>>> print(open('model-v3.cif').read())   # mmCIF, C-alpha atoms and all ligand atoms
data_target
loop_
_atom_site.label_atom_id
_atom_site.label_comp_id
_atom_site.auth_asym_id
_atom_site.auth_seq_id
_atom_site.Cartn_x
_atom_site.Cartn_y
_atom_site.Cartn_z
CA ALA A 8 -1.31 22.51 -54.16
CA SER A 9 1.91 24.39 -53.58
CA VAL A 10 2.87 27.48 -51.55
CA PRO A 11 6.23 29.06 -50.73
CA VAL A 12 5.76 28.74 -46.95
CA ALA A 13 3.60 26.30 -44.96
CA VAL A 14 3.06 27.16 -41.30
CA ILE A 15 2.08 24.65 -38.62
CA GLY A 16 0.24 26.45 -35.83
CA ALA A 17 -2.20 29.38 -36.04
CA GLY A 18 -1.36 31.08 -32.77
CA PRO A 19 0.09 34.59 -32.71
CA ALA A 20 3.50 33.44 -34.02
CA GLY A 21 2.13 31.51 -37.03
CA LEU A 22 -0.47 34.11 -37.96
CA MET A 23 1.85 37.11 -37.55
CA LEU A 24 4.44 35.38 -39.74
CA ALA A 25 1.78 34.70 -42.39
CA HIS A 26 0.67 38.35 -42.18
CA ARG A 27 4.22 39.69 -42.56
CA LEU A 28 4.93 37.40 -45.52
CA SER A 29 1.67 38.25 -47.24
CA ARG A 30 2.53 41.96 -47.04
CA ALA A 31 5.62 41.11 -49.09
CA GLY A 32 3.54 39.19 -51.62
CA VAL A 33 4.36 35.69 -50.34
CA ASP A 34 1.51 33.18 -49.98
CA THR A 35 1.24 30.87 -47.01
CA ILE A 36 -0.99 28.14 -45.74
CA VAL A 37 -1.46 27.91 -41.98
CA VAL A 38 -2.95 24.85 -40.26
CA ASP A 39 -3.86 24.27 -36.61
CA THR A 40 -5.39 21.30 -34.81
CA ARG A 41 -7.43 23.63 -32.60
CA THR A 42 -10.63 25.35 -33.70
CA ARG A 43 -10.68 29.13 -33.85
CA ARG A 44 -13.13 29.10 -30.94
CA GLU A 45 -10.85 26.93 -28.80
CA ILE A 46 -7.96 29.35 -29.31
CA GLU A 47 -10.11 32.42 -28.69
CA THR A 48 -11.51 31.11 -25.42
CA THR A 49 -8.24 29.89 -23.87
CA HIS A 50 -6.97 32.60 -21.50
CA ARG A 51 -3.35 33.48 -22.13
CA ALA A 52 -0.94 36.33 -21.46
CA GLY A 53 -1.95 39.97 -21.12
CA ILE A 54 1.04 42.26 -21.71
CA LEU A 55 2.52 43.40 -25.04
CA GLU A 56 5.73 45.37 -25.24
CA ALA A 57 5.46 48.72 -27.03
CA ASP A 58 7.33 47.49 -30.14
CA ALA A 59 4.94 44.58 -30.56
CA ALA A 60 1.95 46.89 -30.11
CA ARG A 61 3.37 49.32 -32.70
CA ASP A 62 3.98 46.44 -35.13
CA LEU A 63 0.33 45.35 -34.94
CA VAL A 64 -0.73 48.84 -35.96
CA GLU A 65 2.05 49.72 -38.42
CA THR A 66 2.02 46.43 -40.35
CA GLY A 67 -1.72 46.86 -40.82
CA VAL A 68 -3.00 43.99 -38.66
CA SER A 69 -5.35 46.28 -36.72
CA ASP A 70 -5.38 49.46 -34.69
CA ARG A 71 -7.91 48.04 -32.20
CA ILE A 72 -5.19 47.90 -29.55
CA LEU A 73 -5.05 51.73 -29.57
CA ARG A 74 -8.77 51.90 -28.76
CA GLU A 75 -9.26 48.89 -26.51
CA GLY A 76 -5.80 48.29 -25.05
CA HIS A 77 -4.40 50.16 -22.06
CA GLU A 78 -0.97 51.70 -22.09
CA HIS A 79 0.86 51.18 -18.80
CA GLU A 80 3.84 53.41 -18.05
CA GLY A 81 4.91 51.33 -15.08
CA THR A 82 4.15 48.44 -12.80
CA GLU A 83 4.03 47.87 -9.07
CA LEU A 84 6.13 45.51 -6.98
CA ARG A 85 4.68 44.80 -3.53
CA PHE A 86 6.76 43.29 -0.78
CA GLY A 87 7.05 43.65 2.97
CA GLY A 88 3.46 44.87 2.78
CA ARG A 89 4.36 48.00 0.79
CA ALA A 90 4.00 49.19 -2.79
CA HIS A 91 6.94 50.23 -4.98
CA ARG A 92 6.34 51.61 -8.45
CA ILE A 93 8.72 50.96 -11.32
CA HIS A 94 8.18 53.85 -13.76
CA PHE A 95 9.19 52.31 -17.10
CA LYS A 96 8.55 55.47 -19.08
CA ALA A 97 10.76 57.64 -16.86
CA LEU A 98 13.48 55.00 -16.60
CA VAL A 99 13.79 53.78 -20.18
CA GLY A 100 11.33 55.83 -22.22
CA GLU A 101 9.07 52.88 -22.99
CA SER A 102 5.69 51.61 -21.83
CA VAL A 103 3.83 48.31 -22.22
CA TRP A 104 0.27 47.59 -23.32
CA LEU A 105 -2.32 45.58 -21.47
CA TYR A 106 -3.99 43.77 -24.37
CA PRO A 107 -4.86 40.08 -23.99
CA GLN A 108 -3.25 37.50 -26.25
CA THR A 109 -6.75 36.30 -27.21
CA ASP A 110 -7.37 39.77 -28.70
CA VAL A 111 -4.03 39.69 -30.53
CA PHE A 112 -5.10 36.33 -31.95
CA THR A 113 -8.54 37.61 -32.99
CA ASP A 114 -6.97 40.63 -34.73
CA LEU A 115 -4.52 38.39 -36.60
CA ALA A 116 -7.17 35.82 -37.60
CA ASP A 117 -9.47 38.64 -38.82
CA ALA A 118 -6.58 40.17 -40.79
CA ARG A 119 -5.93 36.82 -42.53
CA ASP A 120 -9.64 36.63 -43.46
CA ARG A 121 -9.68 40.23 -44.65
CA ASP A 122 -6.51 39.81 -46.75
CA GLY A 123 -7.58 36.48 -48.27
CA GLY A 124 -4.99 34.37 -46.43
CA THR A 125 -5.44 30.62 -46.08
CA VAL A 126 -5.84 29.35 -42.51
CA HIS A 127 -7.34 25.96 -41.66
CA PHE A 128 -8.42 25.47 -38.06
CA GLY A 129 -9.49 22.15 -36.55
CA VAL A 130 -7.33 19.96 -38.80
CA LYS A 131 -6.29 16.43 -37.84
CA GLY A 132 -3.46 14.08 -38.69
CA THR A 133 -0.91 16.77 -39.59
CA GLU A 134 2.27 15.30 -41.10
CA VAL A 135 5.39 17.21 -42.13
CA LEU A 136 7.47 15.26 -44.66
CA ASP A 137 10.79 15.57 -46.50
CA ILE A 138 12.19 18.53 -44.56
CA THR A 139 15.74 17.54 -45.45
CA THR A 140 14.93 18.05 -49.13
CA GLY A 141 14.17 21.29 -50.99
CA THR A 142 10.56 20.16 -51.42
CA PRO A 143 9.00 19.57 -48.01
CA ARG A 144 5.33 18.59 -47.85
CA VAL A 145 2.55 19.01 -45.32
CA ARG A 146 -0.40 16.62 -45.16
CA TYR A 147 -3.50 17.17 -43.06
CA THR A 148 -7.15 16.21 -42.80
CA ALA A 149 -9.38 19.27 -42.98
CA ALA A 150 -12.31 19.83 -40.61
CA ASP A 151 -14.67 18.46 -43.32
CA GLY A 152 -12.76 15.15 -43.37
CA SER A 153 -10.96 15.65 -46.71
CA ARG A 154 -7.25 14.78 -46.89
CA HIS A 155 -4.84 17.36 -48.38
CA GLU A 156 -1.21 17.56 -49.36
CA VAL A 157 0.63 20.87 -49.82
CA ARG A 158 4.12 21.24 -51.25
CA ALA A 159 6.22 24.11 -49.92
CA GLN A 160 9.73 25.51 -50.08
CA TYR A 161 9.90 26.10 -46.34
CA VAL A 162 7.92 24.80 -43.38
CA VAL A 163 7.62 26.79 -40.16
CA GLY A 164 6.86 24.97 -36.91
CA ALA A 165 4.94 27.50 -34.83
CA ASP A 166 2.96 24.81 -33.07
CA GLY A 167 3.41 25.89 -29.49
CA SER A 168 4.79 24.42 -26.29
CA ARG A 169 3.64 20.89 -27.19
CA SER A 170 5.18 21.16 -30.66
CA MET A 171 5.36 18.09 -32.84
CA CYS A 172 7.55 19.94 -35.36
CA ARG A 173 10.47 20.22 -32.96
CA ASN A 174 10.52 16.40 -32.72
CA LEU A 175 11.41 16.31 -36.43
CA VAL A 176 14.93 17.45 -35.59
CA PRO A 177 16.67 14.08 -35.12
CA GLU A 178 17.14 13.13 -31.48
CA ASP A 179 20.92 12.78 -31.78
CA ARG A 180 21.24 16.20 -33.42
CA ARG A 181 19.19 18.32 -31.03
CA VAL A 182 19.80 19.64 -27.53
CA ARG A 183 17.02 20.52 -25.11
CA TYR A 184 17.74 22.85 -22.22
CA GLY A 185 15.19 23.21 -19.48
CA LYS A 186 14.15 23.69 -15.94
CA GLU A 187 11.08 22.64 -13.94
CA TYR A 188 9.65 24.73 -11.11
CA PRO A 189 8.22 23.34 -7.85
CA PHE A 190 5.17 25.63 -8.11
CA ALA A 191 2.43 26.64 -10.56
CA TRP A 192 -0.05 29.51 -10.93
CA PHE A 193 -3.70 29.40 -10.01
CA GLY A 194 -5.38 31.77 -12.48
CA ILE A 195 -8.80 33.35 -12.12
CA MET A 196 -11.02 35.66 -14.10
CA ALA A 197 -13.22 37.70 -11.76
CA GLU A 198 -16.14 40.02 -12.33
CA ALA A 199 -15.02 43.09 -10.39
CA PRO A 200 -13.65 46.59 -10.98
CA PRO A 201 -9.85 46.97 -11.19
CA SER A 202 -8.10 47.01 -7.82
CA ALA A 203 -5.14 49.09 -9.07
CA PRO A 204 -4.34 51.28 -12.11
CA GLU A 205 -1.42 49.05 -13.16
CA LEU A 206 -0.30 45.45 -12.64
CA VAL A 207 0.76 44.43 -9.15
CA TYR A 208 3.47 41.78 -8.74
CA ALA A 209 3.26 40.76 -5.09
CA HIS A 210 5.84 38.94 -3.00
CA SER A 211 4.78 37.58 0.38
CA GLY A 212 6.18 35.09 2.85
CA HIS A 213 3.49 32.63 1.78
CA GLY A 214 3.72 32.93 -1.98
CA PHE A 215 3.52 35.14 -5.05
CA ALA A 216 0.41 36.83 -6.46
CA LEU A 217 -0.14 38.84 -9.64
CA ILE A 218 -3.00 41.28 -9.98
CA SER A 219 -3.70 41.96 -13.64
CA GLN A 220 -6.70 43.29 -15.50
CA ARG A 221 -8.84 42.71 -18.55
CA THR A 222 -11.61 45.35 -18.68
CA GLU A 223 -13.39 47.80 -16.41
CA THR A 224 -15.53 44.90 -15.18
CA VAL A 225 -13.36 41.78 -15.55
CA GLN A 226 -10.03 41.22 -13.78
CA ARG A 227 -7.28 38.60 -14.20
CA MET A 228 -5.39 37.44 -11.12
CA TYR A 229 -2.97 34.66 -10.29
CA PHE A 230 -1.46 33.20 -7.14
CA GLN A 231 1.33 30.73 -6.62
CA CYS A 232 0.08 27.22 -5.88
CA SER A 233 1.53 23.73 -5.93
CA PRO A 234 1.79 22.11 -9.39
CA GLY A 235 -0.62 19.32 -8.45
CA GLU A 236 -3.35 21.68 -7.19
CA SER A 237 -6.95 20.98 -8.22
CA VAL A 238 -9.43 23.80 -8.91
CA ASP A 239 -12.12 21.76 -7.14
CA ALA A 240 -10.38 22.37 -3.81
CA TRP A 241 -10.78 26.13 -4.27
CA PRO A 242 -14.22 27.62 -3.61
CA ASP A 243 -14.41 31.36 -4.28
CA ASP A 244 -14.03 32.48 -0.66
CA ARG A 245 -10.84 30.43 -0.21
CA ILE A 246 -9.41 32.05 -3.35
CA TRP A 247 -10.20 35.59 -2.17
CA GLU A 248 -8.81 34.88 1.29
CA THR A 249 -5.56 33.63 -0.26
CA LEU A 250 -5.22 36.54 -2.67
CA GLN A 251 -6.03 39.13 0.02
CA ALA A 252 -3.43 37.65 2.37
CA ARG A 253 -0.75 37.82 -0.32
CA VAL A 254 -1.29 41.50 -1.09
CA ALA A 255 -2.07 42.65 2.47
CA GLY A 256 0.10 45.34 4.04
CA GLU A 257 0.38 48.31 6.34
CA ASP A 258 -1.13 50.56 3.66
CA GLY A 259 -4.40 48.62 4.00
CA PHE A 260 -4.49 47.59 0.33
CA ARG A 261 -7.47 45.32 -0.47
CA LEU A 262 -8.54 43.66 -3.70
CA LYS A 263 -12.01 44.42 -5.00
CA GLU A 264 -13.84 41.07 -4.99
CA GLY A 265 -16.60 39.67 -7.17
CA PRO A 266 -17.91 36.44 -8.70
CA ILE A 267 -15.15 34.21 -10.10
CA LEU A 268 -15.89 33.37 -13.73
CA ASP A 269 -13.03 30.98 -14.46
CA LYS A 270 -10.41 29.00 -12.50
CA SER A 271 -7.42 27.08 -13.81
CA VAL A 272 -4.04 25.78 -12.71
CA LEU A 273 -1.21 26.80 -15.05
CA ARG A 274 1.96 24.76 -14.96
CA PHE A 275 5.09 26.16 -16.55
CA ARG A 276 8.75 25.53 -17.21
CA SER A 277 11.79 26.98 -18.91
CA PHE A 278 12.72 25.30 -22.20
CA VAL A 279 14.89 25.88 -25.29
CA GLN A 280 15.58 23.53 -28.17
CA GLU A 281 18.54 23.99 -30.47
CA PRO A 282 18.89 23.95 -33.37
CA MET A 283 15.85 26.02 -34.33
CA ARG A 284 16.22 24.91 -37.92
CA TRP A 285 16.51 21.53 -39.59
CA GLY A 286 16.79 21.43 -43.38
CA SER A 287 13.92 23.45 -44.76
CA MET A 288 12.01 23.57 -41.45
CA VAL A 289 12.38 26.36 -38.88
CA LEU A 290 10.84 26.65 -35.41
CA ALA A 291 9.34 29.83 -33.98
CA GLY A 292 7.77 30.86 -30.66
CA ASP A 293 6.90 28.36 -27.94
CA ALA A 294 7.74 25.45 -30.24
CA ALA A 295 11.41 26.39 -29.85
CA HIS A 296 11.35 27.92 -26.36
CA THR A 297 8.99 28.48 -23.46
CA VAL A 298 9.44 30.69 -20.41
CA PRO A 299 7.71 30.83 -17.04
CA PRO A 300 4.97 33.50 -17.16
CA THR A 301 6.42 35.97 -14.61
CA GLY A 302 7.40 39.08 -16.56
CA ALA A 303 5.15 38.39 -19.56
CA ARG A 304 7.91 37.54 -22.04
CA GLY A 305 6.42 34.53 -23.93
CA LEU A 306 4.12 36.19 -26.44
CA ASN A 307 6.56 39.06 -27.01
CA LEU A 308 9.40 36.65 -27.67
CA ALA A 309 7.31 34.69 -30.17
CA LEU A 310 6.45 37.89 -32.05
CA HIS A 311 10.13 38.86 -32.11
CA ASP A 312 11.07 35.44 -33.58
CA VAL A 313 8.70 35.88 -36.50
CA LYS A 314 9.81 39.44 -37.14
CA VAL A 315 13.35 38.14 -37.63
CA LEU A 316 12.13 35.05 -39.48
CA ALA A 317 9.92 36.92 -41.97
CA ASP A 318 12.95 38.89 -43.23
CA ILE A 319 15.07 35.77 -43.45
CA LEU A 320 12.42 33.77 -45.33
CA LEU A 321 12.05 36.61 -47.82
CA ARG A 322 15.81 36.51 -48.43
CA ALA A 323 15.69 32.70 -48.73
CA LEU A 324 12.84 32.89 -51.25
CA GLY A 325 14.77 35.55 -53.16
CA THR A 326 18.23 35.11 -54.54
CA GLU A 327 19.94 33.73 -51.42
CA GLY A 328 18.17 30.38 -51.09
CA GLU A 329 18.33 28.12 -48.06
CA ALA A 330 21.68 29.58 -46.87
CA ALA A 331 19.79 32.63 -45.58
CA LEU A 332 18.20 30.40 -42.91
CA GLU A 333 21.57 30.10 -41.20
CA ASP A 334 21.15 33.65 -39.88
CA TYR A 335 17.92 32.86 -38.05
CA GLN A 336 19.06 31.05 -34.93
CA PRO A 337 21.92 33.42 -34.01
CA ARG A 338 19.66 36.45 -34.51
CA ALA A 339 16.79 34.95 -32.47
CA LEU A 340 18.81 33.29 -29.72
CA GLN A 341 20.28 36.38 -28.08
CA ARG A 342 16.85 37.65 -27.12
CA ILE A 343 15.67 34.13 -26.27
CA TRP A 344 18.37 33.62 -23.65
CA ARG A 345 17.97 37.16 -22.31
CA ALA A 346 14.26 36.41 -21.88
CA GLN A 347 15.01 32.99 -20.38
CA ASN A 348 17.20 34.68 -17.81
CA PHE A 349 14.76 37.49 -17.08
CA SER A 350 11.75 35.16 -16.71
CA HIS A 351 13.70 32.83 -14.44
CA TRP A 352 15.10 35.75 -12.44
CA MET A 353 11.72 37.40 -11.93
CA THR A 354 10.13 34.05 -11.02
CA ARG A 355 12.83 33.37 -8.43
CA LEU A 356 12.67 36.94 -7.16
CA LEU A 357 8.97 36.75 -6.32
CA HIS A 358 7.98 33.13 -5.57
CA THR A 359 8.31 31.31 -2.27
CA PRO A 360 10.15 28.03 -2.85
CA PRO A 361 8.72 25.05 -0.95
CA GLY A 362 11.09 24.33 1.92
CA GLY A 363 12.52 27.87 1.84
CA THR A 364 14.26 28.95 5.05
CA PRO A 365 14.01 32.25 6.93
CA PHE A 366 17.39 33.08 5.38
CA ASP A 367 15.99 32.54 1.88
CA LEU A 368 13.08 34.87 2.62
CA ARG A 369 15.29 37.65 3.99
CA ARG A 370 17.76 37.31 1.12
CA GLN A 371 14.83 37.65 -1.31
CA LEU A 372 13.64 40.82 0.46
CA GLY A 373 17.21 42.14 0.17
CA GLU A 374 17.17 41.46 -3.55
CA LEU A 375 13.77 43.15 -3.96
CA ASP A 376 15.09 46.14 -2.03
CA ASN A 377 18.10 46.27 -4.38
CA VAL A 378 15.74 46.24 -7.37
CA VAL A 379 13.35 48.98 -6.26
CA GLY A 380 15.77 50.99 -4.12
CA THR A 381 18.55 51.68 -6.63
CA PRO A 382 18.39 53.39 -10.04
CA ALA A 383 20.39 50.50 -11.52
CA GLY A 384 17.95 47.94 -10.08
CA ARG A 385 14.85 49.75 -11.32
CA THR A 386 16.41 50.27 -14.75
CA TYR A 387 17.47 46.61 -14.96
CA LEU A 388 13.85 45.55 -14.45
CA ALA A 389 12.43 48.23 -16.77
CA VAL A 390 14.77 47.45 -19.68
CA GLN A 391 13.87 43.80 -19.63
CA TYR A 392 10.15 44.12 -18.92
CA THR A 393 9.69 46.57 -21.80
CA GLY A 394 11.69 44.37 -24.18
CA TRP A 395 15.31 45.50 -24.78
CA PRO A 396 15.95 48.45 -27.09
CA VAL A 397 17.45 48.00 -30.55
CA GLY A 398 21.20 48.48 -30.23
CA SER A 399 21.44 46.78 -26.81
CA GLN A 400 23.34 43.85 -28.33
CA ALA A 401 26.88 43.32 -27.09
C1 LIG A 501 -0.45 38.66 -17.32
C2 LIG A 501 0.28 37.49 -17.32
C3 LIG A 501 1.63 37.52 -16.97
O1 LIG A 501 2.35 36.40 -16.97
C4 LIG A 501 2.24 38.72 -16.61
O2 LIG A 501 3.54 38.71 -16.25
C5 LIG A 501 1.50 39.87 -16.63
C6 LIG A 501 0.16 39.84 -16.98
C7 LIG A 501 -1.89 38.64 -17.67
O3 LIG A 501 -2.43 37.56 -17.99
O4 LIG A 501 -2.55 39.69 -17.63
#
>>> encode(input="model-v3.cif", output="structure tokens")
Amino acid sequence: ASVPVAVIGAGPAGLMLAHRLSRAGVDTIVVDTRTRREIETTHRAGILEADAARDLVETGVSDRILREGHEHEGTELRFGGRAHRIHFKALVGESVWLYPQTDVFTDLADARDRDGGTVHFGVKGTEVLDITTGTPRVRYTAADGSRHEVRAQYVVGADGSRSMCRNLVPEDRRVRYGKEYPFAWFGIMAEAPPSAPELVYAHSGHGFALISQRTETVQRMYFQCSPGESVDAWPDDRIWETLQARVAGEDGFRLKEGPILDKSVLRFRSFVQEPMRWGSMVLAGDAAHTVPPTGARGLNLALHDVKVLADILLRALGTEGEAALEDYQPRALQRIWRAQNFSHWMTRLLHTPPGGTPFDLRRQLGELDNVVGTPAGRTYLAVQYTGWPVGSQA
């Protein structure tokens, strides 16, 4: 078999790319080692920037986000035991949408089914061959055990933070930039009503907490923990005690508690690999770059990559050929490094580093005060959190 574009990875990046290409009449095949059920039941991010939400609707993926998502015009920063609202809409004219990544995935997978796109979940033994030629090939074993080979003109590695595609760029020709953090997030799903109308990013002297939401009856929350933490050491009452302590303040704010449905420890890092292209293979999303979760940039960045990449692949498949791919990395990288900086900045702004001194804590409170207490500070946060307007390039 032969298709113009073969995509490794059926997460939001791979599926959105396939959707965009199919709208322009270009066939794809998408393969993923995970089953559709595995992807749908793995909790991931929750916030989409307004542009990404609009793209889901306007490119015809689905308008479910308009019915089931929640538009948030701001977010809350809590520190020193007090709440400070950042009003995105008033500051920069944009909002964000609370709409879980698992729902974005479901919408995209359903759209592929509806439009007759080829997606194979649960494949094994994926091999990408001959990417330095004009006729790369992808081999895989389908879920039914049959072995397949597909010829393509271009291969896209959208295979996530543990990408095998990025290893196909020769070791002596690639650079990997990265940073590890001395903390992780403990994530829970709880059966309870929302505790606040918008997200709450909480700084405290004993660690960060994030109060997010899913539905009227299910809430998503996280608190800073050590990277080696085990969920077994955390019975429900210890979790609630920890979360309550991190959001406590003179205003008497309390989280609404309920049965905890899911617990997991989420480790994270900052990472970028360059180049994002080797021969006829290009990388998109987490395969090329990952960010710490604070500030909800990861999914949005991946969707931006494939927006840029879809246009470039169409040019490459048209009259321009492979030379068009040279535009991809420079066009994607500006936003990638802006997001790397923002995610790192917001992580450092809100987390308590192990071994931090009283000076460190007071300096951090000074920085938070600069962010919420000045128009420039609030706008700086709002511009980045809502995803940089078109025309903000230097
Ligand atoms: C969620 C996750 C994030 O990392 C974030 O910054 C905001 C929300 C979430 O899962 O809801």
>>> closest_residue(input="model-v3.cif", among="A:Pro382, A:Gly32, A:Pro300, A:Gly81", to="A:Pro204", atoms="all atoms listed in the file")
A:Gly81
>>> closest_atom_pairs(input="model-v3.cif", of="chain A", to="ligand LIG 501 (chain A)", cutoff="6 Å", atoms="only C-alpha atoms and all ligand atoms", output="tab-separated table")
residue	atom	partner	partner_atom	distance
A:Arg51	CA	A:LIG501	O3	5.9
A:Ala52	CA	A:LIG501	O3	4.0
A:Gly53	CA	A:LIG501	O4	3.6
A:Ile54	CA	A:LIG501	C6	5.4
A:Ser219	CA	A:LIG501	O4	4.7
A:Gln220	CA	A:LIG501	O4	5.9
A:Arg227	CA	A:LIG501	O4	5.9
A:Pro300	CA	A:LIG501	O1	3.9
A:Thr301	CA	A:LIG501	O2	4.3
A:Gly302	CA	A:LIG501	O2	3.9
A:Ala303	CA	A:LIG501	O2	3.7
>>> residues_around(input="model-v3.cif", residues="stretch 321-330 of chain A", least_positions_apart="6", cutoff="10 Å", atoms="only C-alpha atoms", output="PyMOL selection string")
chain A and resi 11-12+27-28+31-33+141+160-161+286-287
>>> residues_around(input="model-v3.cif", residues="stretch 337-339 of chain A", least_positions_apart="5", cutoff="8 Å", atoms="all atoms listed in the file", output="list in words")
His311, Asp312 and Val315 of chain A
>>> closest_residue(input="model-v3.cif", among="A:Gly394, A:Gly18, A:Gly235, A:Gly256", to="A:Gly88", atoms="all atoms listed in the file")
A:Gly256
>>> residues_near_point(input="model-v3.cif", point="(13.4, 49.0, -12.2)", cutoff="12 Å", atoms="all atoms listed in the file", output="JSON, numbers by chain")
{"A": [81, 82, 83, 84, 91, 92, 93, 94, 95, 96, 97, 98, 99, 353, 375, 376, 377, 378, 379, 380, 381, 382, 383, 384, 385, 386, 387, 388, 389, 390, 391, 392, 393]}
>>> residues_near_point(input="model-v3.cif", point="(-11.2, 41.1, -5.9)", cutoff="10 Å", atoms="all atoms listed in the file", output="tab-separated table (two decimals) with C-alpha atoms, in the frame of the given file")
chain	number	residue	atom	x	y	z
A	196	MET	CA	-11.02	35.66	-14.10
A	197	ALA	CA	-13.22	37.70	-11.76
A	198	GLU	CA	-16.14	40.02	-12.33
A	199	ALA	CA	-15.02	43.09	-10.39
A	200	PRO	CA	-13.65	46.59	-10.98
A	201	PRO	CA	-9.85	46.97	-11.19
A	202	SER	CA	-8.10	47.01	-7.82
A	218	ILE	CA	-3.00	41.28	-9.98
A	225	VAL	CA	-13.36	41.78	-15.55
A	226	GLN	CA	-10.03	41.22	-13.78
A	227	ARG	CA	-7.28	38.60	-14.20
A	228	MET	CA	-5.39	37.44	-11.12
A	246	ILE	CA	-9.41	32.05	-3.35
A	247	TRP	CA	-10.20	35.59	-2.17
A	248	GLU	CA	-8.81	34.88	1.29
A	250	LEU	CA	-5.22	36.54	-2.67
A	251	GLN	CA	-6.03	39.13	0.02
A	261	ARG	CA	-7.47	45.32	-0.47
A	262	LEU	CA	-8.54	43.66	-3.70
A	263	LYS	CA	-12.01	44.42	-5.00
A	264	GLU	CA	-13.84	41.07	-4.99
A	265	GLY	CA	-16.60	39.67	-7.17
A	266	PRO	CA	-17.91	36.44	-8.70
A	267	ILE	CA	-15.15	34.21	-10.10
>>> closest_residue(input="model-v3.cif", among="A:Lys186, A:Arg284, A:Arg158, A:His210", to="A:Pro299", atoms="all atoms listed in the file")
A:Lys186
